[in-house]
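K.L.:
Would you mind keeping the following structure in view while I ask a few things?
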Amino acid sequence: MKDGVNGVALTVFIIFFLAVTVMGFYAARWRRAENSDNLDEWGLGGRSFGTWVTWFLLGGDLYTAYTFVAVPAAVYAGGAAGFFAVPYTILCYPLVFTFLPRLWSVSHKHGYVTSSDFVRGRFGSRGLSLALALTGILATMPYIALQLVGIQAVLDVMGIGGGSNWFMKDLPLLIAFGVLAAYTYSSGLRAPALIAFVKDALIYIVIAVAIIYIPIKLGGFDDVFAKAGEAFSAKNPDTGKPRGALATGPDAQWAYATLALGSAMALFLYPHSVTAVLSSKSRNVIRRNTTILPLYSLMLGLLAMLGFMAVAAGIKVKNGQLAIPQLFEDMFPDWFTGVAFAAIGIGALVPAAIMSIAAANLFTRNIYKDFLRPDASPAHEAKVSKLASLLVKVGALVFVLTMDKTVAINFQLLGGIWILQTVPALVGGLFTRWFHRWALLAGWAAGMIYGTWRAYDTPSATQDHFGNTNLIPFIGEKGYIGLTAFAVNVLVAVVLTLVFRAAKVPDGVDATRPSDYTADAGDPGVRTELPPATAGAPGGH
Amino acid sequence: MSEPPASAPPADGRRKPVVTLPMVVAGVCLAIPFGAMLWVDSYARLKPAFIGIPFFYWYQMLWVIISTALTTVAYVLVRRQERDRKRGGRP
């Protein structure tokens, strides 16, 4: 498949990587506050980002290198089923528009750094907040690991990192990783925010070129889809089933719809999305972003088309993840291949940095401070968070180097299901205090257990999709397991709330007031920049 | 408009939720994409193609643009209502 090192591409790749590294360290000085030794500064970039920075940050955060490799890879593998990523990213923005401004307001008013901070304040329950924090950390770790898989795919195709000696083989990845860890440690959220500009500019250029240049080379979209249709209808000699289809069949429509809906509901509850949202400077920055972020969805749709082009171009790879990098290398001149690979590589660094910061914030605020050191000062919190971000990254690295890639992918599938189980407490909590805290905890546990068990029990469907996408194994009705588990979760929460209310089980203290959920920067009681003292104080009073 | 004497400070946490026509319209705008995208049967076919791209794909990408337009309408409506309420609530 590969024939030696692609020197030109590698040189271009290294130049971009160096430029980004300089930016990452420089970011520590960008928009620097007077007192930067607290979590609001390191972990949320001073809560100061406007519409455009937030747009790049969220775009860089949600549309990751893994997405860019995995979505076309899913289309390459099975056709239409992989395209659910498009309705998924369409549906998430109306949802975001409805509930995230409320989370922003209440977090800004009370100095919440994580979504678990909010849950603790709203329901007066450290246990519930701990459960959600652990869910967030667990779901984020494999996601970081997958970003590294994305870098690995690019390095593989460039012909480096394929040696027989294990140290030489992993050295490029280790270097990329060490650099990432160093500037995240020193610059915090400002580093990915600044690098995201480069990442997105590169990605947009590469996609625009790819979507025009490659079809012309392949004889137009008509030919691309004709060839892809042929390839997909060819039956697999082992199973007797066709490889895929150009449009979802009647029996796959439920799966398509529930996957889109379930994934859309989960996307913005991932800790790294919440971190990016809370770093914006006003409520309207978020709303405005829901009207400009779909540009990335359009890009994602075009990107998915590359999967068909890879089929039409006759790309044959054992590992579906390599299909798109291989397509680039086959189609583009060497120097532009370098640009494209740099886009994917940098596209992995930005989310990996944000994810590790988000996981570190969760650990610091909802485990370390709540349970181990309640008297931690803001400076101490920032220090713990920095160290935790290193630890999270090292964990992800070990994960990638020691275990099979499919393990990371399987865990990331589970992560989606798990995050979905935080919806009742988080989104429910943003609108109503009706739910009882212990009922929410029980519902969460039920959803987690049910979802994990069902997912574990349905391995064959993952095989059908070559286990390389966000796709989740199907259940009897062929729907998304995460969504079914969510239904179980809500049912348990509702029933137990009624029971606990009837039994008069003590409900926690609500530290928030209705007006907190609509407060905006500039309103009385909401300072544009929070003083560290408030941010460090425990959520409740 | 004169300032309402007691209800002015929002600090007591009792702003009345207001259901107005623009808010309903905004809600409908946000709900429409769900109907369109979850009804997979309405677009699970190949024809008519657009510059060679089967219907299934270009239709969903078209909805990215439609839903963006709808969200923008909702944004403008909500923003306007918030401004009006602020102006009415305090000087």
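All residue names refer to the structure tokens as shown: chains lettered A, B, ... in order, residues numbered from 1 in each chain, ligands numbered from 1 in order.
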For chain B against chain A, which residues fall within 8 Å using only C-alpha atoms, given as an MDAnalysis selection string?
P.N.:
chainID B and resid 10:15 30:31 33:34 37:41 44:46 51:54 56:57 60:61 63:65 67:69 71:72 75
K.L.:
Restricted to N, CA and C atoms, what would the selected residues look like written as a CSV table (one decimal), in the first residue's frame?
P.N.:
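Contents of result17.csv, freshly written:
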```csv
chain,number,residue,atom,x,y,z
B,10,PRO,N,-35.1,42.4,38.8
B,10,PRO,CA,-35.2,41.0,38.5
B,10,PRO,C,-34.6,40.1,39.5
B,11,ALA,N,-33.9,40.8,40.5
B,11,ALA,CA,-33.2,40.0,41.5
B,11,ALA,C,-34.1,39.1,42.3
B,12,ASP,N,-35.4,39.4,42.4
B,12,ASP,CA,-36.2,38.5,43.2
B,12,ASP,C,-36.5,37.2,42.4
B,13,GLY,N,-36.1,37.1,41.2
B,13,GLY,CA,-36.2,35.9,40.5
B,13,GLY,C,-37.6,35.6,39.9
B,14,ARG,N,-38.4,36.6,39.8
B,14,ARG,CA,-39.8,36.3,39.3
B,14,ARG,C,-40.1,37.1,38.0
B,15,ARG,N,-39.4,36.7,37.0
B,15,ARG,CA,-39.8,37.3,35.7
B,15,ARG,C,-40.8,36.3,35.1
B,30,LEU,N,-37.7,26.0,15.2
B,30,LEU,CA,-36.7,25.1,15.7
B,30,LEU,C,-37.1,23.7,15.6
B,31,ALA,N,-38.5,23.5,15.5
B,31,ALA,CA,-39.0,22.1,15.5
B,31,ALA,C,-39.0,21.5,14.1
B,33,PRO,N,-37.0,21.2,11.5
B,33,PRO,CA,-35.9,20.3,11.1
B,33,PRO,C,-36.1,18.9,11.6
B,34,PHE,N,-36.6,18.7,12.8
B,34,PHE,CA,-36.8,17.4,13.4
B,34,PHE,C,-37.7,16.6,12.6
B,37,MET,N,-36.0,15.7,9.1
B,37,MET,CA,-34.8,14.8,9.1
B,37,MET,C,-35.2,13.4,9.7
B,38,LEU,N,-36.1,13.4,10.6
B,38,LEU,CA,-36.4,12.1,11.2
B,38,LEU,C,-37.4,11.2,10.3
B,39,TRP,N,-38.0,11.9,9.4
B,39,TRP,CA,-38.9,11.2,8.5
B,39,TRP,C,-38.0,10.7,7.3
B,40,VAL,N,-37.2,9.7,7.6
B,40,VAL,CA,-36.2,9.2,6.6
B,40,VAL,C,-36.8,8.7,5.3
B,41,ASP,N,-38.0,8.2,5.4
B,41,ASP,CA,-38.7,7.6,4.2
B,41,ASP,C,-38.9,8.7,3.2
B,44,ALA,N,-35.4,8.8,1.3
B,44,ALA,CA,-34.5,7.6,1.1
B,44,ALA,C,-34.7,7.1,-0.4
B,45,ARG,N,-34.3,7.9,-1.3
B,45,ARG,CA,-34.3,7.5,-2.7
B,45,ARG,C,-33.2,8.2,-3.5
B,46,LEU,N,-33.0,7.7,-4.7
B,46,LEU,CA,-31.8,8.2,-5.5
B,46,LEU,C,-32.1,9.3,-6.5
B,51,ILE,N,-26.5,17.4,-10.3
B,51,ILE,CA,-25.1,17.3,-10.9
B,51,ILE,C,-24.5,15.9,-10.5
B,52,GLY,N,-25.3,14.9,-10.7
B,52,GLY,CA,-24.8,13.5,-10.5
B,52,GLY,C,-24.9,13.0,-9.0
B,53,ILE,N,-25.2,13.9,-8.1
B,53,ILE,CA,-25.3,13.5,-6.7
B,53,ILE,C,-26.7,13.0,-6.4
B,54,PRO,N,-26.9,11.7,-5.9
B,54,PRO,CA,-28.2,11.2,-5.7
B,54,PRO,C,-29.0,12.1,-4.7
B,56,PHE,N,-30.8,11.5,-2.1
B,56,PHE,CA,-30.6,11.2,-0.7
B,56,PHE,C,-29.5,12.2,-0.1
B,57,TYR,N,-28.5,12.5,-0.8
B,57,TYR,CA,-27.4,13.3,-0.3
B,57,TYR,C,-27.6,14.8,-0.5
B,60,GLN,N,-30.4,16.2,1.9
B,60,GLN,CA,-30.0,16.4,3.3
B,60,GLN,C,-29.0,17.6,3.5
B,61,MET,N,-28.2,17.7,2.5
B,61,MET,CA,-27.3,18.9,2.6
B,61,MET,C,-28.0,20.2,2.4
B,63,TRP,N,-30.9,20.7,3.5
B,63,TRP,CA,-31.6,20.9,4.8
B,63,TRP,C,-30.6,21.6,5.8
B,64,VAL,N,-29.3,21.4,5.6
B,64,VAL,CA,-28.4,22.1,6.4
B,64,VAL,C,-28.7,23.6,6.2
B,65,ILE,N,-28.9,24.0,5.0
B,65,ILE,CA,-29.1,25.4,4.7
B,65,ILE,C,-30.5,25.9,5.2
B,67,SER,N,-32.3,24.6,7.6
B,67,SER,CA,-32.4,24.6,9.0
B,67,SER,C,-31.6,25.8,9.6
B,68,THR,N,-30.5,26.2,8.9
B,68,THR,CA,-29.8,27.4,9.3
B,68,THR,C,-30.6,28.6,9.2
B,69,ALA,N,-31.4,28.7,8.1
B,69,ALA,CA,-32.2,29.8,7.9
B,69,ALA,C,-33.3,29.9,9.0
B,71,THR,N,-33.1,28.6,12.0
B,71,THR,CA,-32.5,29.0,13.3
B,71,THR,C,-32.3,30.5,13.3
B,72,THR,N,-31.9,31.0,12.2
B,72,THR,CA,-31.6,32.5,12.1
B,72,THR,C,-32.9,33.3,12.4
B,75,TYR,N,-33.5,33.1,16.0
B,75,TYR,CA,-32.6,34.0,16.7
B,75,TYR,C,-33.0,35.4,16.7
```
K.L.:
Might you pull out every residue within 12 Å of Trp104 (chain A), with only C-alpha atoms counted and same-chain residues fewer than 4 positions away left off, and present them as JSON, numbers by chain?
P.N.:
{"A": [47, 96, 97, 98, 99, 100, 108, 109, 110, 111, 112, 113, 114, 115, 118, 273, 274, 275, 276, 277, 278, 279, 280, 281, 282, 283, 284, 285, 286, 287, 430, 516, 517, 518, 519, 520, 521, 526]}
K.L.:
Name the residues in contact with Ser385 (chain A) at a cut-off of 7 Å, using only C-alpha atoms, excluding same-chain residues fewer than 5 positions from it; report them as a PyMOL selection string.
P.N.:
chain A and resi 360-361+364
K.L.:
Can you pull out the residues contacting Cys29 (chain B)? Cut-off 8 Å, using only C-alpha atoms, and skip same-chain residues under 6 positions away; I want them as a PyMOL selection string.
P.N.:
chain B and resi 70-71+73-74
K.L.:
With N, CA and C atoms retained, could you export that selection as a tab-separated table (two decimals), in the first residue's frame?
P.N.:
```tsv
chain	number	residue	atom	x	y	z
B	70	LEU	N	-33.87	28.74	9.29
B	70	LEU	CA	-34.91	28.68	10.32
B	70	LEU	C	-34.35	29.10	11.68
B	71	THR	N	-33.15	28.61	12.01
B	71	THR	CA	-32.54	28.99	13.28
B	71	THR	C	-32.27	30.49	13.33
B	73	VAL	N	-34.01	32.82	11.82
B	73	VAL	CA	-35.29	33.48	12.09
B	73	VAL	C	-35.59	33.42	13.59
B	74	ALA	N	-35.43	32.23	14.17
B	74	ALA	CA	-35.70	32.08	15.61
B	74	ALA	C	-34.80	33.01	16.42
```
K.L.:
Pick out each residue of region 277-463 of chain A that DSSP on the backbone tags as helix (DSSP H, G or I); I need them as a PyMOL selection string.
P.N.:
chain A and resi 277-278+283-292+294-312+320-331+334-372+378-402+405-420+423-431+437-457+459-463
K.L.:
Extract, using only C-alpha atoms, all DNA, RNA and protein residues at most 9 Å from Phe328 (chain A), discarding same-chain residues fewer than 5 positions from it, and format them as a PyMOL selection string.
P.N.:
chain A and resi 210+214+323+333+336-337+340-341
K.L.:
Go ahead and save the picked residues with N, CA and C atoms, as a PDB file, in the first residue's frame.
P.N.:
```pdb
ATOM      1  N   ALA A 210     -10.628  19.365  -2.616  1.00  0.00           N
ATOM      2  CA  ALA A 210     -10.916  17.943  -2.819  1.00  0.00           C
ATOM      3  C   ALA A 210     -12.239  17.750  -3.537  1.00  0.00           C
ATOM      4  N   ILE A 214     -11.054  16.273  -7.149  1.00  0.00           N
ATOM      5  CA  ILE A 214     -11.110  14.809  -7.264  1.00  0.00           C
ATOM      6  C   ILE A 214     -12.224  14.334  -8.203  1.00  0.00           C
ATOM      7  N   ALA A 323      -8.636   5.026   4.343  1.00  0.00           N
ATOM      8  CA  ALA A 323      -9.167   5.244   2.998  1.00  0.00           C
ATOM      9  C   ALA A 323      -8.975   6.680   2.530  1.00  0.00           C
ATOM     10  N   PRO A 333      -1.155  16.296  -5.794  1.00  0.00           N
ATOM     11  CA  PRO A 333       0.305  16.422  -5.871  1.00  0.00           C
ATOM     12  C   PRO A 333       0.889  16.381  -4.455  1.00  0.00           C
ATOM     13  N   PHE A 336       0.455  19.241  -1.876  1.00  0.00           N
ATOM     14  CA  PHE A 336      -0.887  19.461  -1.336  1.00  0.00           C
ATOM     15  C   PHE A 336      -1.318  18.310  -0.430  1.00  0.00           C
ATOM     16  N   THR A 337      -0.784  17.127  -0.699  1.00  0.00           N
ATOM     17  CA  THR A 337      -1.017  16.018   0.224  1.00  0.00           C
ATOM     18  C   THR A 337      -0.513  16.418   1.613  1.00  0.00           C
ATOM     19  N   ALA A 340      -2.995  18.670   3.206  1.00  0.00           N
ATOM     20  CA  ALA A 340      -4.177  17.918   3.644  1.00  0.00           C
ATOM     21  C   ALA A 340      -3.880  17.133   4.919  1.00  0.00           C
ATOM     22  N   PHE A 341      -2.698  16.523   4.968  1.00  0.00           N
ATOM     23  CA  PHE A 341      -2.351  15.749   6.155  1.00  0.00           C
ATOM     24  C   PHE A 341      -2.128  16.656   7.359  1.00  0.00           C
TER      25      PHE A 341
END
```
K.L.:
Work out how far apart CA of Leu134 (chain A) and CA of Trp418 (chain A) are and give it in Å to one decimal.
P.N.:
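CA of Trp418 (chain A) lies at a distance of 10.1 Å from CA of Leu134 (chain A).
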K.L.:
Please report the interatomic distance between CA of Pro378 (chain A) and CA of Arg365 (chain A) in Å with one decimal.
P.N.:
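Going from CA of Pro378 (chain A) over to CA of Arg365 (chain A), I get 10.4 Å.
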K.L.:
Counting only C-alpha atoms, which of B:Leu62, B:Ser42, B:Lys47, B:Leu77 gets nearest to Val28 (chain B)?
P.N.:
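Ranked by minimum distance to Val28 (chain B), first place goes to B:Leu77.
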K.L.:
Which of these, B:Val76, B:Thr20, B:Ile66, B:Arg83, has the shortest distance to Ile32 (chain B) once you count only C-alpha atoms?
P.N.:
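Among the listed residues, the smallest separation from Ile32 (chain B) belongs to B:Ile66.
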K.L.:
Could you tell me how far CA of Asp510 (chain A) sits from CA of Glu82 (chain B), in Å to one decimal place?
P.N.:
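Interatomic distance here is 25.8 Å.
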K.L.:
Ranking B:Val78, B:Phe50, B:Tyr43, B:Trp58 by minimum distance to Val25 (chain B) and counting only C-alpha atoms, which one comes first?
P.N.:
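Answer, going by the shortest atom-to-atom distance: B:Val78.
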